[in-house]
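Listing of upload.cif; format and content: mmCIF, C-alpha atoms.
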```
data_data
loop_
_atom_site.label_atom_id
_atom_site.label_comp_id
_atom_site.auth_asym_id
_atom_site.auth_seq_id
_atom_site.Cartn_x
_atom_site.Cartn_y
_atom_site.Cartn_z
CA MET A 1 31.15 17.84 1.49
CA GLN A 2 28.06 16.78 -0.45
CA LYS A 3 28.74 13.06 -0.46
CA PRO A 4 28.43 12.53 3.32
CA LYS A 5 25.15 14.44 3.32
CA GLN A 6 23.82 12.21 0.58
CA LYS A 7 24.81 9.10 2.51
CA GLY A 8 23.22 10.52 5.64
CA GLY A 9 20.03 11.15 3.68
CA LEU A 10 19.99 7.54 2.52
CA GLY A 11 20.42 6.44 6.11
CA VAL A 12 17.39 8.48 7.17
CA LEU A 13 15.33 7.02 4.32
CA ASN A 14 16.39 3.52 5.29
CA LEU A 15 15.38 4.16 8.90
CA ARG A 16 12.01 5.50 7.75
CA LEU A 17 11.50 2.41 5.64
CA GLN A 18 12.19 0.15 8.59
CA ASN A 19 9.74 2.15 10.69
CA ASP A 20 7.04 1.94 8.00
CA ALA A 21 7.60 -1.80 7.64
CA LEU A 22 6.89 -2.24 11.36
CA LEU A 23 3.84 0.04 11.34
CA LEU A 24 2.31 -1.77 8.36
CA LYS A 25 1.79 -4.75 10.66
CA GLN A 26 -0.65 -2.66 12.68
CA LEU A 27 -2.41 -1.48 9.52
CA HIS A 28 -2.78 -5.08 8.38
CA LYS A 29 -4.50 -5.89 11.67
CA PHE A 30 -6.93 -3.07 10.95
CA TYR A 31 -7.74 -3.98 7.34
CA SER A 32 -8.10 -7.66 8.17
CA ARG A 33 -10.45 -6.66 11.03
CA GLN A 34 -8.72 -8.76 13.63
CA ASP A 35 -10.52 -9.27 16.91
CA ILE A 36 -8.53 -6.61 18.77
CA PRO A 37 -10.22 -3.87 20.87
CA TRP A 38 -8.57 -0.90 19.15
CA VAL A 39 -9.33 -2.33 15.69
CA GLN A 40 -13.01 -2.88 16.46
CA LEU A 41 -13.25 0.54 18.14
CA ILE A 42 -11.93 2.42 15.10
CA TRP A 43 -14.09 0.49 12.64
CA ASN A 44 -17.27 0.96 14.68
CA ARG A 45 -16.62 4.60 15.50
CA TYR A 46 -15.42 5.99 12.18
CA TYR A 47 -15.98 3.59 9.28
CA THR A 48 -19.32 1.84 9.64
CA SER A 49 -20.28 3.10 6.18
CA LYS A 50 -17.02 4.58 4.85
CA ILE A 51 -13.89 3.41 3.07
CA PRO A 52 -11.00 4.29 5.42
CA HIS A 53 -8.51 5.33 2.73
CA ALA A 54 -11.15 7.28 0.78
CA SER A 55 -12.51 9.31 3.71
CA VAL A 56 -11.56 12.53 5.47
CA GLU A 57 -8.94 11.92 8.14
CA VAL A 58 -10.41 11.45 11.62
CA GLY A 59 -9.19 10.24 14.99
CA SER A 60 -5.95 10.68 16.87
CA PHE A 61 -2.62 11.84 15.44
CA TRP A 62 -1.33 8.29 15.84
CA TRP A 63 -4.17 6.84 13.80
CA LYS A 64 -3.94 9.49 11.08
CA ASP A 65 -0.22 8.85 10.64
CA LEU A 66 -0.84 5.10 10.53
CA LEU A 67 -3.66 5.31 8.00
CA ARG A 68 -1.49 7.40 5.66
CA LEU A 69 0.54 4.25 5.11
CA ASN A 70 -2.47 2.75 3.30
CA VAL A 71 -0.81 3.59 -0.02
CA LEU A 72 2.06 1.24 0.86
CA TYR A 73 -0.29 -1.40 2.22
CA ARG A 74 -2.59 -1.39 -0.82
CA GLY A 75 0.50 -1.70 -2.99
CA ILE A 76 1.28 -5.13 -1.54
CA ALA A 77 -2.25 -6.33 -0.75
CA LYS A 78 -5.30 -7.40 -2.73
CA CYS A 79 -8.92 -7.28 -1.67
CA TYR A 80 -11.22 -10.28 -2.01
CA LEU A 81 -14.71 -8.99 -2.52
CA GLY A 82 -17.52 -9.54 -0.11
CA ASP A 83 -20.07 -6.74 -0.17
CA GLY A 84 -17.58 -4.28 -1.70
CA SER A 85 -18.23 -1.62 0.94
CA ILE A 86 -14.60 -0.89 1.93
CA VAL A 87 -13.02 -1.22 -1.51
CA THR A 88 -12.65 1.61 -4.00
CA PHE A 89 -13.83 0.54 -7.43
CA TRP A 90 -11.17 2.40 -9.41
CA GLY A 91 -8.15 2.53 -7.12
CA ASP A 92 -7.94 -0.79 -5.25
CA LEU A 93 -6.73 -4.13 -6.56
CA TRP A 94 -9.80 -6.37 -6.30
CA SER A 95 -9.80 -7.83 -9.81
CA SER A 96 -6.96 -8.80 -12.10
CA HIS A 97 -6.06 -5.13 -12.68
CA ILE A 98 -6.51 -1.74 -11.03
CA LEU A 99 -9.43 -0.44 -13.09
CA SER A 100 -8.32 3.19 -13.27
CA PHE A 101 -5.28 1.91 -15.21
CA LYS A 102 -7.18 -0.68 -17.23
CA PHE A 103 -9.91 1.78 -18.30
CA PRO A 104 -8.21 5.20 -18.20
CA ARG A 105 -10.57 6.94 -20.65
CA LEU A 106 -13.67 5.76 -18.80
CA PHE A 107 -12.12 6.67 -15.46
CA SER A 108 -11.63 10.26 -16.66
CA PHE A 109 -15.45 10.57 -16.78
CA ALA A 110 -16.00 9.22 -13.25
CA LEU A 111 -18.05 11.47 -10.98
CA ASN A 112 -16.44 10.03 -7.85
CA PRO A 113 -12.96 8.51 -8.27
CA ASP A 114 -13.24 7.00 -4.75
CA ILE A 115 -16.60 5.32 -5.22
CA SER A 116 -16.91 1.87 -3.64
CA VAL A 117 -17.49 -1.36 -5.51
CA ARG A 118 -20.84 -1.74 -3.77
CA GLU A 119 -22.03 1.66 -4.99
CA ILE A 120 -21.10 0.74 -8.56
CA ILE A 121 -22.88 -2.63 -8.35
CA GLN A 122 -26.01 -1.08 -6.89
CA ALA A 123 -26.11 1.96 -9.20
CA GLU A 124 -29.36 2.21 -11.14
CA ASP A 125 -28.06 4.24 -14.09
CA LEU A 126 -24.92 5.74 -15.59
CA ASP A 127 -25.93 9.27 -14.58
CA SER A 128 -24.97 8.54 -10.98
CA ILE A 129 -21.51 7.25 -11.95
CA PHE A 130 -20.19 9.22 -14.94
CA HIS A 131 -20.17 12.63 -16.50
CA LEU A 132 -22.27 12.19 -19.63
CA PRO A 133 -22.04 11.99 -22.58
CA LEU A 134 -19.13 9.57 -22.79
CA SER A 135 -16.58 9.73 -25.57
CA GLN A 136 -16.45 6.89 -28.09
CA GLN A 137 -13.28 5.49 -26.51
CA ALA A 138 -14.81 5.66 -23.02
CA LEU A 139 -17.97 3.98 -24.29
CA GLU A 140 -15.95 1.09 -25.67
CA GLU A 141 -14.23 0.70 -22.31
CA LEU A 142 -17.62 0.80 -20.59
CA PHE A 143 -18.80 -2.23 -22.59
CA GLU A 144 -15.61 -4.06 -21.67
CA MET A 145 -16.05 -3.14 -18.00
CA GLN A 146 -19.65 -4.38 -17.98
CA THR A 147 -18.42 -7.76 -19.21
CA LEU A 148 -15.89 -7.81 -16.37
CA LEU A 149 -18.57 -6.98 -13.77
CA LEU A 150 -20.68 -9.92 -14.88
CA GLN A 151 -17.79 -12.23 -14.03
CA ILE A 152 -17.01 -11.01 -10.52
CA ASP A 153 -17.96 -13.02 -7.47
CA TYR A 154 -20.00 -10.51 -5.48
CA ASN A 155 -21.51 -11.53 -2.13
CA ALA A 156 -23.58 -8.86 -0.41
CA ASP A 157 -23.80 -10.88 2.80
CA SER A 158 -20.08 -11.24 3.57
CA PRO A 159 -17.40 -8.66 4.46
CA ASP A 160 -14.48 -7.75 2.24
CA SER A 161 -11.13 -9.28 3.15
CA TRP A 162 -7.54 -8.34 2.38
CA SER A 163 -4.52 -10.55 1.84
CA PHE A 164 -1.07 -10.03 0.37
CA ILE A 165 -0.36 -10.32 -3.34
CA SER A 166 2.16 -13.03 -2.52
CA GLY A 167 -0.71 -15.15 -1.20
CA ASN A 168 0.57 -15.13 2.36
CA GLN A 169 -2.01 -14.18 4.98
CA ILE A 170 0.60 -13.41 7.65
CA TYR A 171 2.40 -10.06 7.51
CA SER A 172 6.13 -9.93 8.13
CA SER A 173 8.05 -6.65 8.31
CA SER A 174 11.22 -8.42 7.18
CA ARG A 175 9.40 -9.83 4.14
CA TYR A 176 8.19 -6.35 3.21
CA TYR A 177 11.68 -4.95 3.69
CA ARG A 178 13.12 -7.60 1.36
CA LEU A 179 10.38 -6.90 -1.18
CA VAL A 180 11.40 -3.25 -1.39
CA PHE A 181 15.02 -4.15 -2.08
CA GLN A 182 14.46 -7.24 -4.23
CA ASN A 183 15.54 -5.45 -7.40
CA SER A 184 18.48 -3.60 -5.87
CA HIS A 185 21.97 -5.03 -6.22
CA SER A 186 24.85 -4.20 -3.90
CA HIS A 187 28.52 -4.40 -4.78
CA PRO A 188 29.99 -7.94 -4.42
CA ILE A 189 32.51 -6.62 -1.91
CA PHE A 190 29.77 -6.40 0.74
CA ALA A 191 28.91 -10.09 0.42
CA LYS A 192 32.59 -10.98 0.72
CA LEU A 193 32.93 -8.71 3.73
CA TRP A 194 30.08 -10.24 5.75
CA LYS A 195 31.13 -13.80 4.85
CA SER A 196 34.74 -13.22 5.85
CA LYS A 197 36.20 -14.73 9.03
CA CYS A 198 37.04 -11.37 10.55
CA THR A 199 35.57 -10.45 13.90
CA SER A 200 32.23 -8.63 13.89
CA ARG A 201 33.92 -5.47 15.08
CA LEU A 202 36.25 -5.39 12.09
CA LYS A 203 33.43 -6.21 9.69
CA PHE A 204 31.39 -3.32 11.00
CA PHE A 205 34.39 -0.97 10.79
CA ALA A 206 35.02 -2.02 7.18
CA TRP A 207 31.35 -1.56 6.34
CA LEU A 208 31.37 1.99 7.74
CA LEU A 209 34.46 2.68 5.66
CA LEU A 210 32.87 1.39 2.45
CA VAL A 211 29.65 3.39 2.87
CA VAL A 212 31.57 6.53 3.87
CA ARG A 213 30.12 6.69 7.38
CA LEU A 214 33.25 6.77 9.53
CA ASN A 215 33.31 9.66 12.00
CA THR A 216 36.39 11.25 10.54
CA ARG A 217 37.26 14.93 10.80
CA HIS A 218 36.08 15.37 7.22
CA MET A 219 32.67 13.95 8.10
CA LEU A 220 32.35 16.07 11.24
#
```

Kindly return the structure encoded in the file as structure tokens.
Amino acid sequence: MQKPKQKGGLGVLNLRLQNDALLLKQLHKFYSRQDIPWVQLIWNRYYTSKIPHASVEVGSFWWKDLLRLNVLYRGIAKCYLGDGSIVTFWGDLWSSHILSFKFPRLFSFALNPDISVREIIQAEDLDSIFHLPLSQQALEELFEMQTLLLQIDYNADSPDSWSFISGNQIYSSSRYYRLVFQNSHSHPIFAKLWKSKCTSRLKFFAWLLLVVRLNTRHML
């Protein structure tokens, strides 16, 4: 009796994934600041000086649920720096690496793990950024990070912009869905089934049989 429940659970997860893939399109409109009334309203009302994914949740239930998908969005998108005001220095991909992973020892001394890139650039001293004194390993990473900061293209007069790691500016829910399953491999029988010359009704019946989803007495 456990196997059908497991398959049902996978079906629910798959449905949730499809739903998230569709909702990410709306989140992309928000992060790319498209000229849409609801996008401009949320930015101007809640995030004039805040990073959306590093702030306390505000707004409607719909918006809160949508913004929680930022973890998925930031996993497939990269930020191109403008003034660095809506990009977290440690957690967002705005350079070649996520800096909390590249400099883990230095990150452990950070006063604010959600600090923006702009705040780091404009900081006057280390006291406002790190718990001092730093360890020797953290100090070595600090020197390396300072070299990296000298190489970044920082423009205080332009806004930050987001695009997908793939380089495509246009979001597609189907492309995201394929990305999630790109490393998964199904049994060859499924490919043979869908390419067969059977009618669609028989194909679907056979598929239900193979994934143990037929409404048999055992399942009920």

### Query
Which residues fall under the PyMOL selection byres ((chain A and resi 159) around 9) in this file, as a PyMOL selection string?
chain A and resi 81-86+155-158+160-161

### Message
Which residues would end up in the selection if the PyMOL selection byres ((chain A and resi 117) around 10) were applied here, given that I need the answer as a count of residues only?
### Response
22

Applied to the shown file, which residues does the PyMOL selection byres ((chain A and resi 162-164) around 9) return, written as an mmCIF file with C-alpha atoms, keeping the file's coordinate frame?
```cif
data_model
loop_
_atom_site.group_PDB
_atom_site.id
_atom_site.type_symbol
_atom_site.label_atom_id
_atom_site.label_comp_id
_atom_site.auth_asym_id
_atom_site.auth_seq_id
_atom_site.Cartn_x
_atom_site.Cartn_y
_atom_site.Cartn_z
ATOM 1 C CA HIS A 28 -2.780 -5.080 8.380
ATOM 2 C CA TYR A 31 -7.740 -3.980 7.340
ATOM 3 C CA SER A 32 -8.100 -7.660 8.170
ATOM 4 C CA TYR A 73 -0.290 -1.400 2.220
ATOM 5 C CA ARG A 74 -2.590 -1.390 -0.820
ATOM 6 C CA ILE A 76 1.280 -5.130 -1.540
ATOM 7 C CA ALA A 77 -2.250 -6.330 -0.750
ATOM 8 C CA LYS A 78 -5.300 -7.400 -2.730
ATOM 9 C CA CYS A 79 -8.920 -7.280 -1.670
ATOM 10 C CA TYR A 80 -11.220 -10.280 -2.010
ATOM 11 C CA LEU A 81 -14.710 -8.990 -2.520
ATOM 12 C CA ASP A 160 -14.480 -7.750 2.240
ATOM 13 C CA SER A 161 -11.130 -9.280 3.150
ATOM 14 C CA ILE A 165 -0.360 -10.320 -3.340
ATOM 15 C CA SER A 166 2.160 -13.030 -2.520
ATOM 16 C CA GLY A 167 -0.710 -15.150 -1.200
ATOM 17 C CA ASN A 168 0.570 -15.130 2.360
ATOM 18 C CA GLN A 169 -2.010 -14.180 4.980
ATOM 19 C CA ILE A 170 0.600 -13.410 7.650
ATOM 20 C CA TYR A 171 2.400 -10.060 7.510
#
```

### Message
Please list as a list in words every residue within 8 Å of Leu106 of chain A, counting all atoms listed in the file and excluding residues in the same chain fewer than 2 positions away.
### Response
Phe103, Pro104, Ser108, Phe109, Ala110, Leu134, Gln137, Ala138, Leu139, Glu141 and Leu142 of chain A

For the residues in the current selection, export C-alpha atoms as a short mmCIF file (atom, residue, chain, number, x, y, z; two decimals), keeping the file's coordinate frame.
```cif
data_model
loop_
_atom_site.label_atom_id
_atom_site.label_comp_id
_atom_site.auth_asym_id
_atom_site.auth_seq_id
_atom_site.Cartn_x
_atom_site.Cartn_y
_atom_site.Cartn_z
CA PHE A 103 -9.91 1.78 -18.30
CA PRO A 104 -8.21 5.20 -18.20
CA SER A 108 -11.63 10.26 -16.66
CA PHE A 109 -15.45 10.57 -16.78
CA ALA A 110 -16.00 9.22 -13.25
CA LEU A 134 -19.13 9.57 -22.79
CA GLN A 137 -13.28 5.49 -26.51
CA ALA A 138 -14.81 5.66 -23.02
CA LEU A 139 -17.97 3.98 -24.29
CA GLU A 141 -14.23 0.70 -22.31
CA LEU A 142 -17.62 0.80 -20.59
#
```

## Note on the structure
Atom pair atom CA of Ser55 of chain A + atom CA of Leu111 of chain A, distance 15.8 Å

### Best match for closeness to Asp65 of chain A among A:Leu126, A:Asp35, A:Trp43, A:Gln26, counting all atoms listed in the file
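Counting all atoms listed in the file, the residue closest to Asp65 of chain A is A:Gln26.
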
### Summary
re atom CA of Ser95 of chain A and atom CA of Asn112 of chain A: distance 19.2 Å

### Query
With all atoms listed in the file as the atoms that count, which of A:Pro52, A:Pro37, A:Gly75, A:Gly59 lies nearest to Leu93 of chain A?
A:Gly75

### Message
Quick check, in Å to one decimal: how far apart do atom CA of Arg16 of chain A and atom CA of Val39 of chain A lie?
### Response
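Distance between the two atoms: 24.1 Å.
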
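Each of A:Trp194, A:Phe107, A:Tyr46, A:Phe101 was checked against Ser135 of chain A using all atoms listed in the file; the smallest atom-to-atom distance is that of A:Phe107.
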
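With only C-alpha atoms as the atoms that count, the minimum distance from Trp38 of chain A to the choices A:Gln136, A:Trp63, A:Leu193, A:Phe143 is reached by A:Trp63.
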
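When only C-alpha atoms are used to compute distances to His131 of chain A, the closest of the residues A:Glu144, A:Pro113, A:Ile36, A:Ile98 turns out to be A:Pro113.
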
File for segment 50-167 of chain A (C-alpha atoms), as a compact mmCIF listing (two decimals), in the first residue's frame:
```
# COMPACT_ATOMS: atom_id res chain seq x y z
CA LYS A 50 15.31 47.68 0.51
CA ILE A 51 16.35 44.40 -1.07
CA PRO A 52 13.10 42.45 -1.59
CA HIS A 53 14.47 39.00 -0.73
CA ALA A 54 16.42 40.33 2.27
CA SER A 55 13.56 42.25 3.90
CA VAL A 56 10.70 41.42 6.25
CA GLU A 57 7.68 40.11 4.34
CA VAL A 58 5.12 42.80 3.54
CA GLY A 59 2.08 43.14 1.31
CA SER A 60 -0.71 40.79 0.39
CA PHE A 61 -0.77 37.02 0.85
CA TRP A 62 -0.42 36.66 -2.93
CA TRP A 63 2.71 38.78 -3.01
CA LYS A 64 4.29 37.08 0.00
CA ASP A 65 3.78 33.65 -1.56
CA LEU A 66 5.21 34.88 -4.85
CA LEU A 67 8.27 36.50 -3.29
CA ARG A 68 9.10 33.27 -1.44
CA LEU A 69 9.97 31.82 -4.83
CA ASN A 70 12.95 34.19 -4.98
CA VAL A 71 15.21 31.31 -3.92
CA LEU A 72 14.29 29.46 -7.12
CA TYR A 73 14.56 32.60 -9.22
CA ARG A 74 17.98 33.59 -7.88
CA GLY A 75 19.13 30.04 -8.56
CA ILE A 76 18.64 30.51 -12.30
CA ALA A 77 19.33 34.24 -12.60
CA LYS A 78 22.36 36.51 -12.29
CA CYS A 79 22.43 40.18 -11.40
CA TYR A 80 24.34 42.72 -13.47
CA LEU A 81 25.45 45.47 -11.16
CA GLY A 82 24.27 49.02 -11.41
CA ASP A 83 24.22 50.79 -8.07
CA GLY A 84 24.11 47.49 -6.14
CA SER A 85 21.11 48.54 -4.06
CA ILE A 86 18.91 45.45 -4.63
CA VAL A 87 21.65 42.82 -4.62
CA THR A 88 22.93 41.04 -1.53
CA PHE A 89 26.70 41.07 -1.43
CA TRP A 90 27.14 37.57 0.00
CA GLY A 91 24.13 35.63 -1.25
CA ASP A 92 23.40 36.75 -4.82
CA LEU A 93 25.24 35.80 -7.99
CA TRP A 94 26.60 39.12 -9.26
CA SER A 95 30.23 38.12 -9.84
CA SER A 96 31.75 34.88 -11.04
CA HIS A 97 30.88 33.16 -7.74
CA ILE A 98 28.49 33.52 -4.82
CA LEU A 99 30.82 35.18 -2.32
CA SER A 100 29.55 33.42 0.79
CA PHE A 101 30.79 30.19 -0.84
CA LYS A 102 33.97 31.68 -2.26
CA PHE A 103 35.00 33.31 1.05
CA PRO A 104 33.35 31.15 3.73
CA ARG A 105 35.73 32.08 6.57
CA LEU A 106 35.35 35.81 5.93
CA PHE A 107 31.59 35.43 5.60
CA SER A 108 31.43 33.87 9.08
CA PHE A 109 32.58 37.25 10.48
CA ALA A 110 29.95 39.29 8.58
CA LEU A 111 27.82 41.55 10.76
CA ASN A 112 24.96 41.50 8.26
CA PRO A 113 24.77 38.47 5.95
CA ASP A 114 22.13 40.28 3.84
CA ILE A 115 24.07 43.50 3.33
CA SER A 116 23.79 45.00 -0.15
CA VAL A 117 26.64 45.47 -2.59
CA ARG A 118 26.17 49.23 -2.39
CA GLU A 119 26.60 49.23 1.39
CA ILE A 120 29.83 47.26 1.07
CA ILE A 121 31.19 49.59 -1.61
CA GLN A 122 30.32 52.69 0.39
CA ALA A 123 31.52 51.36 3.77
CA GLU A 124 34.16 53.58 5.36
CA ASP A 125 35.82 50.93 7.53
CA LEU A 126 35.79 47.24 8.38
CA ASP A 127 34.10 47.85 11.74
CA SER A 128 30.77 48.43 9.98
CA ILE A 129 31.02 45.16 8.01
CA PHE A 130 32.73 42.50 10.15
CA HIS A 131 33.09 41.27 13.67
CA LEU A 132 36.68 42.13 14.55
CA PRO A 133 39.34 40.88 14.96
CA LEU A 134 39.41 38.61 11.93
CA SER A 135 41.12 35.25 11.97
CA GLN A 136 44.23 34.75 9.85
CA GLN A 137 42.28 32.70 7.29
CA ALA A 138 39.53 35.33 7.11
CA LEU A 139 42.14 38.07 6.72
CA GLU A 140 43.67 36.27 3.75
CA GLU A 141 40.24 36.00 2.16
CA LEU A 142 39.66 39.70 2.82
CA PHE A 143 42.74 40.63 0.78
CA GLU A 144 41.53 38.40 -2.04
CA MET A 145 38.06 39.95 -1.88
CA GLN A 146 39.49 43.48 -2.01
CA THR A 147 41.27 42.55 -5.24
CA LEU A 148 37.96 41.29 -6.64
CA LEU A 149 36.15 44.52 -5.69
CA LEU A 150 38.68 46.60 -7.58
CA GLN A 151 37.76 44.71 -10.75
CA ILE A 152 33.98 45.04 -10.61
CA ASP A 153 32.13 47.40 -12.89
CA TYR A 154 30.16 49.51 -10.42
CA ASN A 155 27.88 52.29 -11.70
CA ALA A 156 26.13 54.30 -9.00
CA ASP A 157 23.91 56.06 -11.54
CA SER A 158 22.22 53.01 -13.10
CA PRO A 159 19.83 50.40 -11.65
CA ASP A 160 20.69 46.75 -11.13
CA SER A 161 19.34 44.32 -13.71
CA TRP A 162 18.69 40.59 -13.68
CA SER A 163 18.95 38.06 -16.47
CA PHE A 164 19.11 34.28 -16.63
CA ILE A 165 22.33 32.34 -16.28
CA SER A 166 21.67 30.85 -19.70
CA GLY A 167 21.99 34.35 -21.16
```
